[in-house]
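Undergrad: Okay, here's the structure, questions in a sec.
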Amino acid sequence: MAQLTAAPLSALVDEPVHIRATGLTPSQLVCLRASLSDEKGNLFYSQAYYKASDTGEVDLEMDPSLGGDFVGVHPMGLFWSLKPETPLKRLMKRDVMNSPFQIQLKLCDPDVPITNRDSSTLTASLTLERWYVAPGVTRIEVKEGRLRGALFLPPGDNHFPGVIDLFGSGGGLIEFRAGLLASRGFATLALAYWGYDDLPRQLREVDIEYFEEAVNFLLRHPKVLGPGVGILSICKGAEIGLSMAINLKQISATVLINGPNFVISNPHVYRGEVSQPTPYSIELISSNALGFVAFHRVYEQTGDVDSQYFFPIEKAQGHFLFIVGEEDKNINSKCYAQQAIEQLRRNGKENWTLLSYPGAGHLIEPPYSPLCYASRIPYVHPNILWGGDVIPHAAAQEHSWKEIQKFLREHLISTRTSQL
Amino acid sequence: MFQLTATPSSALADEPVAIRATGLPPSKVVTLQASLKDEKGNLFQSRAFYRANKAGEIDLEQDPALGGDYVGVHSMGLFWSMKPTVAFQRLLKRDVMNSPFCITLDLYDSVCFKDSATVPPRVSQMVQRWFSGPGVQRKQIREGRVRGALFLPPGEGPFPGIIDLFGNIGGLVEFRASLLASSGFAVLALAYFAYEDLPEKLLEVDLEYFEEAASFLLSHPKIQRPGIGVISVSKGAEIGLAMACYLKQVVATVCINGCNMVVEVPLRYRDLVVPPILPALEYSQVHMSGAVSLQRCFGELLNKSNHQSVLPVEKAEGKILFIVGENDECIHSRAFAERAMDQLRSHGRSTGRMLAYPGAGHLIEPPYAPLCFWSWQHKLACPVVWGGDPVAHASTQEHVWGEIQKFFRQHLVKTTNKL
């Protein structure tokens with residue numbers, strides 16, 4: 001009698017799951033299939049083919065997948081290789097407090113996914129819950145002054161290190177990473193800056209004073225540790241995070257994932273000083289064989305080479321963790337991180353760490369998130385190529401998430417008096 | 001005064017077109033876009049960005065594209081880099097006699113990279129791409145069991161005869177046969193399943209059917225005797241190879257990305273039944289697009305020593321040309337062709353030749369055909385990855401077409417009557 005087990009059945013999304021099948025015939029070929037329906041009803045699927053052992057078992061922690069969405073021993077492969085049924089959809093949890101993602105795991109005959117012959121005699125299946133918040137995490141809607149966002153607090157009466165979480169892409173308020181980070185002990189402010197509530201519908205300029213308000217808000221909060229805060233940021237968010245770290249003294253630790261070291265598209269403004277956006281050559285975009293568009297060459301003649309555009313990163317007082325996906329096809333991440341680090345070195349500074357991941361793409365997310373290789377951004381482009389090879393990208397997500405937490409703890413929780 | 005010229009504006013689909021723009025602002029970066037609607041109304045498009053020189057000119061034969069669907073100097077890039085706006089669609093001309101593909105070339109005086117430009121083009125040109133030349137005749141064939149279409153070049157003949165076989169797409173695919181006929185060959189596009197009263201599904205390969213087709217061709221007054229050629233791709237190439245092995249009338253066979261073994265369904269010829277080897281679907285791999293690569297399913301067959309399914313190429317009396325795309329994601333084309341070549345050598349036969357092309361995918365078609373990287377395949381519930389790197393695949397198609405015609409001229413045309 002074929003059986004499918006997974007433990008734990010309900011967990012945070014960044015926790016691994018141990019999946020096993022038992023009661024098969026020796027050397028039986030089976031297919032394990034995962035499916036998920038997001039909050040808009042978009043379906044995501046993955047599958048892997050396994051050969052049962054002599055005792056009729058498959059253990060994903062030991063046994064290699066022969067084919068399907070990944071090959072080899074990858075206990076969490078069914079999660080990070082999920083793909084949208086409708087091309088270019090990105091998997092992103094919107095409501096992080098009230099419901100998990102439900103993933104259905106099914107054991108079936110090997111040819112069912114490819115040929116759709118529903119003559120499967122195997123029927124074992126189960127449903128997993130994947131949560132973005134741990135029990136006891138609270139979410140507070142933030143609508144103070146100009147600030148718009150959501151503050152996630154870990155459970156308990158302690159003080160927690162404060163982090164501002166910034167995304168890029170299409171604006172709005174993205175909460176899933178902040179919810180997770182709070183579940184790991186950080187008071188995290190998911191901060192929107194355009195395309196949300198009464199914030200500007202389009203990003204005109206990056207007003208660093210808005211972000212300064214957010215820093216002060218966080219530090220004022222009774223549960224936030226201080227005296228400094230951290231930033232966790234990606235893409236456009238990382239461009240802003242870098243600008244914040246340079247201008248605002250209270251930034252002690254900044255995580256920059258695949259961001260530029262110069263101004264992109266919108267001028268940065270701080271107390272009357274304006275940094276203009278870097279000129280670019282849009283004609284340098286290119287489509288791959290599937291028609292997905294890579295943008296990473298458009299700064300080839302400016303931001304890639306000319307230091308007149310670079311942020312004065314040497315003026316920042318806190319620490320930096322650069323996270324780079326070397327297969328990023330959206331921006332030339334590796335180049336920009338190297339430029340920024342070179343500039344720090346030349347100024348005698350050692351306040352940085354670089355994690356550069358071969359094979360990882362632009363959208364480096366928490367562990368086990370499906371690789372989003374390409375997707376749409378409304379009003380920008382219908383099919384933007386983010387890049388990444390699925391297996392190294394998954395490994396980068398696992399490794400970097402741990403490093404991010406270590407880094408933030410190290411620089412935000414001080415056992416000695418602050419060195420700011 | 002913006003001007004755009006494309007010469008010739010009406011030509012066969014395998015002929016190059018010279019595209020030039022003049023009257024542009026000096027050094028301006030502009031967009032050239034090509035659009036085509038196939039016979040079902042599906043839209044295919046490509047675009048590339050060029051910088052005008054100081055005289056305000058662009059010449060695609062000399063100037064590099066800076067970005068877009070291809071980069072660098074590729075005078076026919078706008079044609080072979082066209083992509084469907086809806087994923088997984090394949091461009092395939094069905095009516096090859098009465099209408100061409102009409103491609104609209106648009107020039108925009110700025111960089112337009114979104115799917116629908118917000119400004120109108122400054123100038124446009126229409127280019128017609130025909131799949132049959134003037135004077136080529138098409139005859140619907142329903143002789144005995146044989147179903148297909150015979151394309152005859154203009155003139156008295158006799159012409160070297162070729163049978164054209166496609167793969168699991170089924171039905172009748174005519175565009176390659178009609179193009180070859182436009183170069184002086186008499187070509188029978190032969191259907192073998194899912195067409196007229198032929199079997200709906202391919203449950204076996206009955207080689208006697210193909211023998212009937214060969215005999216029919218050789219009995220035609222406009223076709224040279226005593227031997228014919230075969231041009232075949234994918235599953236068709238497996239059948240083409242079987243024809244070369246067992247049918248004496250087949251003297252020159254081109255096998256594009258086929259297996260040297262009988263795969264999936266048995267091969268029957270008179271008393272002989274060759275059992276098939278079955279692909280191991282558990283080795284399929286899902287590509288980033290969600291389409292499935294089957295290459296490793298067939299690749300596993302190479303590890304098994306199933307001699308009974310291997311085609312006896314040493315029995316072929318005619319010449320065989322194996323065309324291999326090294327980035328074929330459907331089958332491990334190179335490995336199968338090499339196995340066949342080894343088999344020929346071990347029997348002291350020098351009848352085979354292999355041309356392997358790095359970067360080329362499974363669907364190697366006539367020149368300038370857009371790379372079909374993936375598409376729906378009716379047998380499977382998901383689309384299939386064919387593979388190929390666009391630039392390499394395009395140059396492969398150009399080179400292969402020349403080699404195919406040279407091969408047929410060398411081995412089909414009698415020495416006294418060279419074309």
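Starting from 1 in every chain, residues are counted up; chains themselves are A, B, ... following the order of the structure tokens, and ligands are numbered from 1 as listed.
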With a cut-off of 6 Å and counting only C-alpha atoms, select all residues of chain B in contact with chain A and give the selection as a VMD selection string.

TA: chain B and resid 49 66 to 69 282 to 286 380 to 381

Undergrad: Residues of the last selection are to be written out with C-alpha atoms, as a PDB file, in the first residue's frame.

TA:
```pdb
ATOM      1  CA  PHE B  49      18.123  48.360 -32.827  1.00  0.00           C
ATOM      2  CA  LEU B  66      23.122  46.849 -30.982  1.00  0.00           C
ATOM      3  CA  GLY B  67      20.390  44.926 -29.257  1.00  0.00           C
ATOM      4  CA  GLY B  68      16.960  43.427 -29.646  1.00  0.00           C
ATOM      5  CA  ASP B  69      16.312  39.904 -30.870  1.00  0.00           C
ATOM      6  CA  GLU B 282      11.426   9.465 -16.219  1.00  0.00           C
ATOM      7  CA  TYR B 283      14.548  11.076 -17.681  1.00  0.00           C
ATOM      8  CA  SER B 284      12.648  13.949 -19.226  1.00  0.00           C
ATOM      9  CA  GLN B 285      13.539  17.382 -17.913  1.00  0.00           C
ATOM     10  CA  VAL B 286      11.361  20.407 -17.484  1.00  0.00           C
ATOM     11  CA  LEU B 380       2.038  15.140 -25.224  1.00  0.00           C
ATOM     12  CA  ALA B 381       0.170  17.208 -22.669  1.00  0.00           C
TER      13      ALA B 381
END
```

Undergrad: What's the 7 Å shell around B:Phe151, counting only C-alpha atoms, without same-chain residues fewer than 4 positions away, as number ranges by chain?

TA: B: 136-139, 177-178, 181, 186-188

Undergrad: Work out how far atom CA of A:His393 is from atom CA of A:Pro358, in Å to one decimal.

TA: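 Taking atom CA of A:Pro358 and atom CA of A:His393, their separation equals 8.2 Å.
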
Undergrad: Report as a list of chain:residue names all protein, DNA and RNA residues lying within 8 Å of B:Asp38, evaluated on only C-alpha atoms, omitting residues in the same chain fewer than 3 positions from it.

TA: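 Non-adjacent residues within range: B:Gly41, B:Asn42, B:Leu43, B:Phe44, B:Leu91, B:Leu92, B:Lys93, B:Phe101.
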
Undergrad: Store the residues picked out above, limited to N, CA, C and O atoms, as a CSV table (one decimal), in the first residue's frame.

TA:
```csv
chain,number,residue,atom,x,y,z
B,41,GLY,N,-3.6,33.4,-38.2
B,41,GLY,CA,-3.7,34.7,-37.6
B,41,GLY,C,-2.8,34.9,-36.4
B,41,GLY,O,-2.8,35.9,-35.7
B,42,ASN,N,-1.9,33.9,-36.2
B,42,ASN,CA,-0.9,34.1,-35.1
B,42,ASN,C,0.2,35.1,-35.5
B,42,ASN,O,0.7,35.0,-36.6
B,43,LEU,N,0.5,35.9,-34.6
B,43,LEU,CA,1.5,37.0,-34.9
B,43,LEU,C,2.9,36.6,-34.5
B,43,LEU,O,3.1,36.0,-33.4
B,44,PHE,N,3.8,36.8,-35.4
B,44,PHE,CA,5.3,36.5,-35.1
B,44,PHE,C,6.0,37.8,-35.3
B,44,PHE,O,5.7,38.5,-36.3
B,91,LEU,N,5.9,28.3,-36.5
B,91,LEU,CA,5.6,29.0,-37.8
B,91,LEU,C,5.7,27.9,-38.9
B,91,LEU,O,6.8,27.3,-39.1
B,92,LEU,N,4.7,27.7,-39.6
B,92,LEU,CA,4.7,26.6,-40.6
B,92,LEU,C,3.7,27.0,-41.7
B,92,LEU,O,2.5,27.1,-41.5
B,93,LYS,N,4.2,27.2,-43.0
B,93,LYS,CA,3.3,27.5,-44.1
B,93,LYS,C,2.6,26.3,-44.6
B,93,LYS,O,3.2,25.3,-44.9
B,101,PHE,N,4.2,34.1,-47.4
B,101,PHE,CA,4.1,34.8,-46.1
B,101,PHE,C,4.4,36.2,-46.4
B,101,PHE,O,5.3,36.6,-47.1
```

Undergrad: Could you list, as a count of residues only, every residue within 10 Å of A:Glu403, counting only C-alpha atoms and ignoring same-chain residues fewer than 4 positions away?

TA: 9

Undergrad: Using Å and a single decimal, report how far atom CA of B:Gly133 sits from atom CA of B:Leu217.

TA: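 If I compute the distance from atom CA of B:Leu217 to atom CA of B:Gly133, I get 21.1 Å.
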
Undergrad: Would you mind writing down, as an NGL selection string, each residue of stretch 105-220 of chain A that DSSP on the backbone assigns to alpha helix (DSSP H)?

TA: :A and (112-115 or 176-183 or 208-220)

Undergrad: Using DSSP assignments from the backbone, pull out every residue in stretch 3-135 of chain B that falls under strand (DSSP E) and give it to me as a PyMOL selection string.

TA: chain B and resi 3-7+10-12+18-22+29-37+43-51+58-59+67-68+83-84+101-108+123-130

Undergrad: What does the file look like for those residues with C-alpha atoms, as a PDB file, in the first residue's frame?

TA:
```
ATOM      1  CA  GLN B   3      13.316  55.468 -46.703  1.00  0.00           C
ATOM      2  CA  LEU B   4      13.349  51.713 -46.250  1.00  0.00           C
ATOM      3  CA  THR B   5      14.224  49.277 -49.031  1.00  0.00           C
ATOM      4  CA  ALA B   6      14.136  45.485 -49.033  1.00  0.00           C
ATOM      5  CA  THR B   7      15.477  43.793 -52.136  1.00  0.00           C
ATOM      6  CA  SER B  10       9.238  39.200 -53.433  1.00  0.00           C
ATOM      7  CA  ALA B  11      11.350  36.072 -53.395  1.00  0.00           C
ATOM      8  CA  LEU B  12      11.552  32.454 -52.374  1.00  0.00           C
ATOM      9  CA  ALA B  18      19.058  43.160 -48.596  1.00  0.00           C
ATOM     10  CA  ILE B  19      17.562  45.682 -46.211  1.00  0.00           C
ATOM     11  CA  ARG B  20      18.642  49.315 -46.152  1.00  0.00           C
ATOM     12  CA  ALA B  21      17.385  52.489 -44.562  1.00  0.00           C
ATOM     13  CA  THR B  22      18.296  56.009 -45.642  1.00  0.00           C
ATOM     14  CA  VAL B  29      19.394  54.767 -32.929  1.00  0.00           C
ATOM     15  CA  VAL B  30      16.321  53.337 -34.595  1.00  0.00           C
ATOM     16  CA  THR B  31      14.192  50.209 -34.391  1.00  0.00           C
ATOM     17  CA  LEU B  32      13.598  47.805 -37.242  1.00  0.00           C
ATOM     18  CA  GLN B  33      10.686  45.490 -36.639  1.00  0.00           C
ATOM     19  CA  ALA B  34       9.460  42.547 -38.683  1.00  0.00           C
ATOM     20  CA  SER B  35       5.911  41.218 -38.274  1.00  0.00           C
ATOM     21  CA  LEU B  36       4.135  38.294 -39.863  1.00  0.00           C
ATOM     22  CA  LYS B  37       0.700  36.789 -39.382  1.00  0.00           C
ATOM     23  CA  LEU B  43       1.495  36.987 -34.870  1.00  0.00           C
ATOM     24  CA  PHE B  44       5.268  36.518 -35.091  1.00  0.00           C
ATOM     25  CA  GLN B  45       7.619  39.448 -34.538  1.00  0.00           C
ATOM     26  CA  SER B  46      11.221  40.437 -34.242  1.00  0.00           C
ATOM     27  CA  ARG B  47      13.020  43.690 -33.659  1.00  0.00           C
ATOM     28  CA  ALA B  48      16.546  45.009 -33.618  1.00  0.00           C
ATOM     29  CA  PHE B  49      18.123  48.360 -32.827  1.00  0.00           C
ATOM     30  CA  TYR B  50      20.574  49.954 -35.243  1.00  0.00           C
ATOM     31  CA  ARG B  51      22.534  53.195 -35.215  1.00  0.00           C
ATOM     32  CA  ILE B  58      21.754  51.730 -42.212  1.00  0.00           C
ATOM     33  CA  ASP B  59      22.774  48.701 -44.236  1.00  0.00           C
ATOM     34  CA  GLY B  67      20.390  44.926 -29.257  1.00  0.00           C
ATOM     35  CA  GLY B  68      16.960  43.427 -29.646  1.00  0.00           C
ATOM     36  CA  LYS B  83       9.092  34.831 -32.247  1.00  0.00           C
ATOM     37  CA  PRO B  84       5.434  34.081 -31.669  1.00  0.00           C
ATOM     38  CA  PHE B 101       4.142  34.768 -46.072  1.00  0.00           C
ATOM     39  CA  CYS B 102       3.824  38.566 -45.967  1.00  0.00           C
ATOM     40  CA  ILE B 103       6.297  40.203 -43.670  1.00  0.00           C
ATOM     41  CA  THR B 104       5.913  43.851 -42.743  1.00  0.00           C
ATOM     42  CA  LEU B 105       9.131  45.691 -42.012  1.00  0.00           C
ATOM     43  CA  ASP B 106       8.629  48.792 -39.890  1.00  0.00           C
ATOM     44  CA  LEU B 107      11.195  51.445 -39.047  1.00  0.00           C
ATOM     45  CA  TYR B 108      10.728  53.505 -35.894  1.00  0.00           C
ATOM     46  CA  VAL B 123       8.248  54.040 -42.868  1.00  0.00           C
ATOM     47  CA  SER B 124       7.258  50.464 -43.719  1.00  0.00           C
ATOM     48  CA  GLN B 125       7.961  47.907 -46.403  1.00  0.00           C
ATOM     49  CA  MET B 126       6.251  44.672 -47.239  1.00  0.00           C
ATOM     50  CA  VAL B 127       8.260  41.607 -48.186  1.00  0.00           C
ATOM     51  CA  GLN B 128       6.765  38.463 -49.722  1.00  0.00           C
ATOM     52  CA  ARG B 129       8.307  35.083 -48.991  1.00  0.00           C
ATOM     53  CA  TRP B 130       7.171  32.343 -51.340  1.00  0.00           C
TER      54      TRP B 130
END
```

Undergrad: Please provide the set of residues having any atom within 10 Å of B:Ile364, restricted to only C-alpha atoms, with same-chain residues fewer than 2 positions apart removed, written as a list in words.

TA: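 Within the cut-off, the hits are Val233, Ser234, Ile256, Asn257, Ile323, Val324, Gly325, Asp328, Ala360, Gly361, His362, Pro366, Pro367, Ala369, Pro370, Leu371, Cys372, Trp386, Gly388, His393, Ala394, Thr396, Gln397, Glu398, Val400 and Trp401 of chain B.
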
Undergrad: Got time to write the residues from that selection, N, CA, C and O atoms, as a CSV table (one decimal), in the first residue's frame?

TA:
```csv
chain,number,residue,atom,x,y,z
B,233,VAL,N,13.4,14.3,-41.4
B,233,VAL,CA,13.8,15.0,-40.2
B,233,VAL,C,13.0,14.3,-39.0
B,233,VAL,O,11.9,13.8,-39.2
B,234,SER,N,13.7,14.2,-37.9
B,234,SER,CA,13.1,13.7,-36.6
B,234,SER,C,12.6,12.2,-36.8
B,234,SER,O,13.4,11.4,-37.3
B,256,ILE,N,18.0,14.1,-40.9
B,256,ILE,CA,18.2,15.3,-40.0
B,256,ILE,C,17.7,14.9,-38.6
B,256,ILE,O,16.5,14.7,-38.4
B,257,ASN,N,18.7,14.9,-37.6
B,257,ASN,CA,18.3,14.7,-36.2
B,257,ASN,C,17.4,13.5,-36.0
B,257,ASN,O,16.3,13.7,-35.4
B,323,ILE,N,22.6,14.8,-40.6
B,323,ILE,CA,22.7,16.2,-40.2
B,323,ILE,C,22.4,16.3,-38.7
B,323,ILE,O,21.3,15.8,-38.3
B,324,VAL,N,23.3,16.8,-37.9
B,324,VAL,CA,23.2,16.8,-36.5
B,324,VAL,C,23.2,18.2,-35.9
B,324,VAL,O,24.1,19.0,-36.2
B,325,GLY,N,22.1,18.5,-35.1
B,325,GLY,CA,22.2,19.7,-34.3
B,325,GLY,C,22.7,19.4,-33.0
B,325,GLY,O,22.0,18.6,-32.3
B,328,ASP,N,20.3,19.8,-29.9
B,328,ASP,CA,19.0,19.2,-30.0
B,328,ASP,C,18.6,18.8,-28.7
B,328,ASP,O,19.2,18.0,-28.0
B,360,ALA,N,23.1,24.2,-33.0
B,360,ALA,CA,21.8,24.0,-33.7
B,360,ALA,C,20.9,23.1,-32.9
B,360,ALA,O,21.3,22.2,-32.2
B,361,GLY,N,19.6,23.3,-33.1
B,361,GLY,CA,18.6,22.5,-32.3
B,361,GLY,C,18.0,21.4,-33.2
B,361,GLY,O,18.6,21.0,-34.2
B,362,HIS,N,16.9,20.9,-32.8
B,362,HIS,CA,16.2,19.8,-33.5
B,362,HIS,C,15.6,20.1,-34.8
B,362,HIS,O,15.8,19.4,-35.8
B,366,PRO,N,14.7,25.0,-43.7
B,366,PRO,CA,15.4,25.8,-44.8
B,366,PRO,C,15.9,27.2,-44.2
B,366,PRO,O,15.4,27.6,-43.2
B,367,PRO,N,16.8,27.8,-44.9
B,367,PRO,CA,17.4,29.1,-44.4
B,367,PRO,C,16.3,30.1,-44.1
B,367,PRO,O,15.3,30.2,-44.7
B,369,ALA,N,14.3,30.4,-41.8
B,369,ALA,CA,13.1,30.0,-41.0
B,369,ALA,C,13.4,30.4,-39.5
B,369,ALA,O,14.5,30.2,-39.0
B,370,PRO,N,12.4,31.0,-38.8
B,370,PRO,CA,12.6,31.3,-37.4
B,370,PRO,C,13.0,30.1,-36.6
B,370,PRO,O,12.4,29.0,-36.8
B,371,LEU,N,13.9,30.2,-35.6
B,371,LEU,CA,14.2,29.1,-34.7
B,371,LEU,C,12.9,28.8,-33.9
B,371,LEU,O,12.4,29.6,-33.3
B,372,CYS,N,12.5,27.5,-34.1
B,372,CYS,CA,11.4,27.1,-33.2
B,372,CYS,C,12.0,26.4,-32.0
B,372,CYS,O,12.4,25.2,-32.1
B,386,TRP,N,12.7,22.0,-28.4
B,386,TRP,CA,13.5,21.5,-29.5
B,386,TRP,C,14.9,21.9,-29.4
B,386,TRP,O,15.9,21.3,-29.9
B,388,GLY,N,18.2,24.8,-29.4
B,388,GLY,CA,19.0,25.6,-30.4
B,388,GLY,C,19.3,27.0,-29.9
B,388,GLY,O,18.5,27.6,-29.2
B,393,HIS,N,21.9,28.4,-34.9
B,393,HIS,CA,20.9,27.7,-35.6
B,393,HIS,C,20.6,28.3,-37.0
B,393,HIS,O,20.5,27.6,-38.0
B,394,ALA,N,20.6,29.6,-37.0
B,394,ALA,CA,20.4,30.3,-38.3
B,394,ALA,C,21.5,30.0,-39.3
B,394,ALA,O,21.2,29.7,-40.5
B,396,THR,N,23.4,27.5,-39.3
B,396,THR,CA,23.3,26.1,-39.6
B,396,THR,C,22.3,25.9,-40.8
B,396,THR,O,22.6,25.1,-41.7
B,397,GLN,N,21.2,26.5,-40.6
B,397,GLN,CA,20.1,26.3,-41.7
B,397,GLN,C,20.6,26.7,-43.0
B,397,GLN,O,20.4,26.0,-44.0
B,398,GLU,N,21.4,27.8,-43.1
B,398,GLU,CA,21.9,28.3,-44.3
B,398,GLU,C,22.9,27.3,-44.9
B,398,GLU,O,22.8,26.9,-46.1
B,400,VAL,N,23.3,24.0,-44.2
B,400,VAL,CA,22.8,22.7,-44.4
B,400,VAL,C,22.0,22.7,-45.7
B,400,VAL,O,22.1,21.7,-46.5
B,401,TRP,N,21.3,23.7,-46.0
B,401,TRP,CA,20.5,23.7,-47.2
B,401,TRP,C,21.4,23.6,-48.5
B,401,TRP,O,21.0,22.8,-49.4
```

Undergrad: List the spatial neighbours of A:Asn351 as a ChimeraX atom specification - criterion: any atom at most 10 Å away, only C-alpha atoms, same-chain residues fewer than 2 positions off excluded.

TA: /A:253,314,316-321,341,344-345,348-349,353

Undergrad: Could you please take those selected residues and save C-alpha atoms as a PDB file, in the first residue's frame?

TA:
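Heads up, here's the output in selection-v9.pdb:
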```pdb
ATOM      1  CA  ALA A 253      23.935  47.103   8.680  1.00  0.00           C
ATOM      2  CA  GLU A 314      32.935  55.411   1.474  1.00  0.00           C
ATOM      3  CA  ALA A 316      28.641  55.221   4.884  1.00  0.00           C
ATOM      4  CA  GLN A 317      29.311  54.330   8.476  1.00  0.00           C
ATOM      5  CA  GLY A 318      27.618  50.972   8.816  1.00  0.00           C
ATOM      6  CA  HIS A 319      28.474  47.543   7.439  1.00  0.00           C
ATOM      7  CA  PHE A 320      27.537  46.128   4.052  1.00  0.00           C
ATOM      8  CA  LEU A 321      26.633  42.643   2.919  1.00  0.00           C
ATOM      9  CA  ILE A 341      33.828  47.222  -2.869  1.00  0.00           C
ATOM     10  CA  LEU A 344      35.595  51.064  -0.150  1.00  0.00           C
ATOM     11  CA  ARG A 345      39.028  49.455  -0.403  1.00  0.00           C
ATOM     12  CA  GLY A 348      40.818  52.153   3.408  1.00  0.00           C
ATOM     13  CA  LYS A 349      37.506  50.704   4.548  1.00  0.00           C
ATOM     14  CA  THR A 353      31.345  41.281   2.910  1.00  0.00           C
TER      15      THR A 353
END
```

Undergrad: Excluding stretch 176-181 of chain A and residues on its chain fewer than 3 positions from it, collect all residues at most 9 Å away from it, counting only C-alpha atoms, and give them as a ChimeraX atom specification.

TA: /A:12-14,92-97,131-134,137-139,150-154,163-165,184-190,232,365-366,405

Undergrad: Do you have the atom CA of A:Arg20-atom CA of A:Asp59 distance handy?

TA: 4.5 Å

Undergrad: Out of A:Met244, A:Leu218, A:Leu91, A:Ile19, which residue has the shortest atom-to-atom distance to A:Gly41 when counting only C-alpha atoms?

TA: A:Leu91

Undergrad: For B:Phe131, which residue among B:Thr351, B:Ser395, B:Gln62, B:Ser182 is the nearest when counting only C-alpha atoms?

TA: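 Of B:Thr351, B:Ser395, B:Gln62, B:Ser182, the one nearest B:Phe131 is B:Ser182, counting only C-alpha atoms.
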
Undergrad: Which one of B:Leu198, B:Met341, B:Ala392, B:Leu267 sits closest to B:Glu326 if you count only C-alpha atoms?

TA: B:Ala392
